[in-house]
Amino acid sequence: MNVKVYNKLGMDYKMFKTIYEAANPLYTGDGVVTEVADAGEVTQTDLLKWTISQADMKLALAKTSDVGSLKAVVTYKPKAGYEDSYSDVTITLSTKVNAIAAVTIPASNKIAEYWDANKTYVRLNVVVPGTLTDDCAFAVDLDNTFEGNKPIITGATAYKYIFASKNVNRKEKGLSGTEYTLSVGDDGLTLKATAGAATQNVAVIDADGVVTYQNTDFAKDLLNIASHNSVPSAGFYAWINIKATTGECALELPITNGEYMAYFLRPIDVIAGEGKFQDAVDNGSTVNMLDLLSFSDWRNQAFSTTVKANYFGYYGIELITVDIPNITTDLNGNDINSKKLSEVTSQLVITQTGTTVNPIPAAPAKDTYGTVTYTNNGNAVGAFNLRLPVTVTYKWGTVKSYVIIPVEKTLGN
């Protein structure tokens with residue numbers, strides 16, 4: 001207790017401690033008040049320590065436009081036997097907290113080529129092949145999108161990146177059709193997804209501002225929902241928030257434009273290649289899987305068995321499968337997007353060969369991932385098209401694509 005308090009009561013330390021004890025609770029009001037013994041060799045007083053948090057100051061400022069008030073009232077009560085002679089002693093602690101003017105990160109500080117035209121979002125990608133760690137890692141330094149590799153935050157003594165509260169309770173669908181509910185860890189550094197009773201990490205930000213996409217089932221399902229070419233109308237993103245502090249007390253420094261979206265780009269895309277089937281060929285018409293498909297990555301860099309063939313290994317492409325029961329067709333004038341081949345005829349048969357490729361060759365051959373064979377067990381037929389649901393399994397999950405493959409009419413007809 002401050003000696004001035006004792007003097008006002010006309011007591012010394014020993015007398016005060018004899019008559020009074022701390023109320024339960026010790027205080028009411030803002031912050032946290034604790035009693036701390038004097039650190040001197042001979043304790044002649046007790047000190048009151050009043051701790052005010054960022055949250056306390058923020059709450060006080062929320063009640064006013066510029067200056068907030070904080071107050072705590074400490075109470076000491078007479079001990080048993082002294083109640084009739086002495087009254088409660090109350091000590092009021094009060095202070096003001098001034099609002100800190102918000103600052104704005106200059107638009108010129110955001111490297112134009114890394115941001116959209118309105119500078120509201122950035123695009124994050126896996127490591128470029130042949131640079132840094134050549135392992136298709138998905139780790140990006142958020143500072144890199146700012147000129148000088150650092151956001152300009154006037155008056156800030158420190159800053160960090162976190163996942164914004166806007167992510168909390170967002171509903172996002174993955175490629176599988178599963179709907180996830182997003183959440184953020186207590187420290188703001190972990191983005192999570194929940195489906196049913198299960199929760200998995202999606203992305204993590206470290207102390208250096210590096211965001212690392214996580215290799216979990218939920219994270220990969222969300223990542224592969226759409227092509228990188230679909231951004232910003234589609235694709236998975238997270239809200240990022242730059243939190244800055246100022247001064248010795250590390251007070252929060254508001255930033256008017258500290259929140260922005262970061263899209264995680266799907267690493268690869270798959271579309272139809274140049275392969276086609278010929279009707280009524282002896283033993284069926286067989287096409288290499290890699291002739292049926294065309295691959296490109298998040299930069300629209302095409303790769304094949306003859307161009308950037310090492311990318312199959314880099315992106316960890318290990319398996320390609322066709323969902324044969326769900327192949328559709330425009331045969332007999334049907335809607336190719338919905339009419340299953342099996343519903344039109346049982347005489348046209350599609351089969352596939354190929355299993356998981358491990359290890360992945362440095363330069364895959366056209367048949368490395370197997371083949372697809374079309375067989376006509378019935379009559380001669382005119383030209384038509386097949387729509388094949390194809391799934392490609394790679395390091396960052398699965399990519400699904402519907403590939404339309406022409407079937408040329410029966411030879412000689």
# chains A, B, ... in the order shown; residues from 1 in each chain; ligands from 1
$ select_by_dssp --residues "segment 254-412 of chain A" --states "helix (DSSP H, G or I)" --output "list in words"
Met289, Leu290, Asp291, Leu292, Tyr311, Phe312, Gly313, Tyr314, Ile324, Pro325, Asn326, Leu331, Asn332, Gly333, Leu341, Ser342, Glu343 and Val344 of chain A
$ select_by_dssp --residues "segment 52-126 of chain A" --states "strand (DSSP E)" --output "JSON, numbers by chain"
{"A": [67, 68, 69, 70, 71, 72, 73, 74, 75, 76, 77, 78, 89, 90, 91, 92, 93, 94, 95, 96, 97, 98, 121, 122, 123, 124]}
$ closest_atom_pairs --of "segment 292-393 of chain A" --to "segment 119-130 of chain A" --cutoff "12 Å" --atoms "only C-alpha atoms" --output "tab-separated table"
residue	atom	partner	partner_atom	distance
A:Asp297	CA	A:Val126	CA	10.1
A:Trp298	CA	A:Asn125	CA	7.5
A:Arg299	CA	A:Val128	CA	9.3
A:Gln301	CA	A:Val128	CA	11.0
A:Lys308	CA	A:Pro129	CA	10.1
A:Ala309	CA	A:Pro129	CA	11.9
A:Asn310	CA	A:Pro129	CA	9.4
A:Tyr311	CA	A:Pro129	CA	7.8
A:Phe312	CA	A:Pro129	CA	11.2
A:Gly313	CA	A:Pro129	CA	10.6
A:Tyr314	CA	A:Pro129	CA	7.2
A:Tyr315	CA	A:Pro129	CA	9.1
$ closest_residue --among "A:Ala238, A:Leu47, A:Ala272, A:Ile152" --to "Tyr402 of chain A" --atoms "only C-alpha atoms"
A:Ala272
$ atom_distance --atom1 "atom CA of Phe384 of chain A" --atom2 "atom CA of Leu292 of chain A"
16.0 Å
$ atom_distance --atom1 "atom CA of Thr145 of chain A" --atom2 "atom CA of Ile111 of chain A"
5.8 Å
$ closest_residue --among "A:Asn149, A:Ser85, A:Thr104, A:Asn109" --to "Asp208 of chain A" --atoms "only C-alpha atoms"
A:Asn149
$ closest_residue --among "A:Pro389, A:Pro359, A:Pro78, A:Gly382" --to "Val322 of chain A" --atoms "only C-alpha atoms"
A:Pro389
$ closest_residue --among "A:Ala234, A:Val74, A:Asn118, A:Ile242" --to "Lys150 of chain A" --atoms "only C-alpha atoms"
A:Ile242
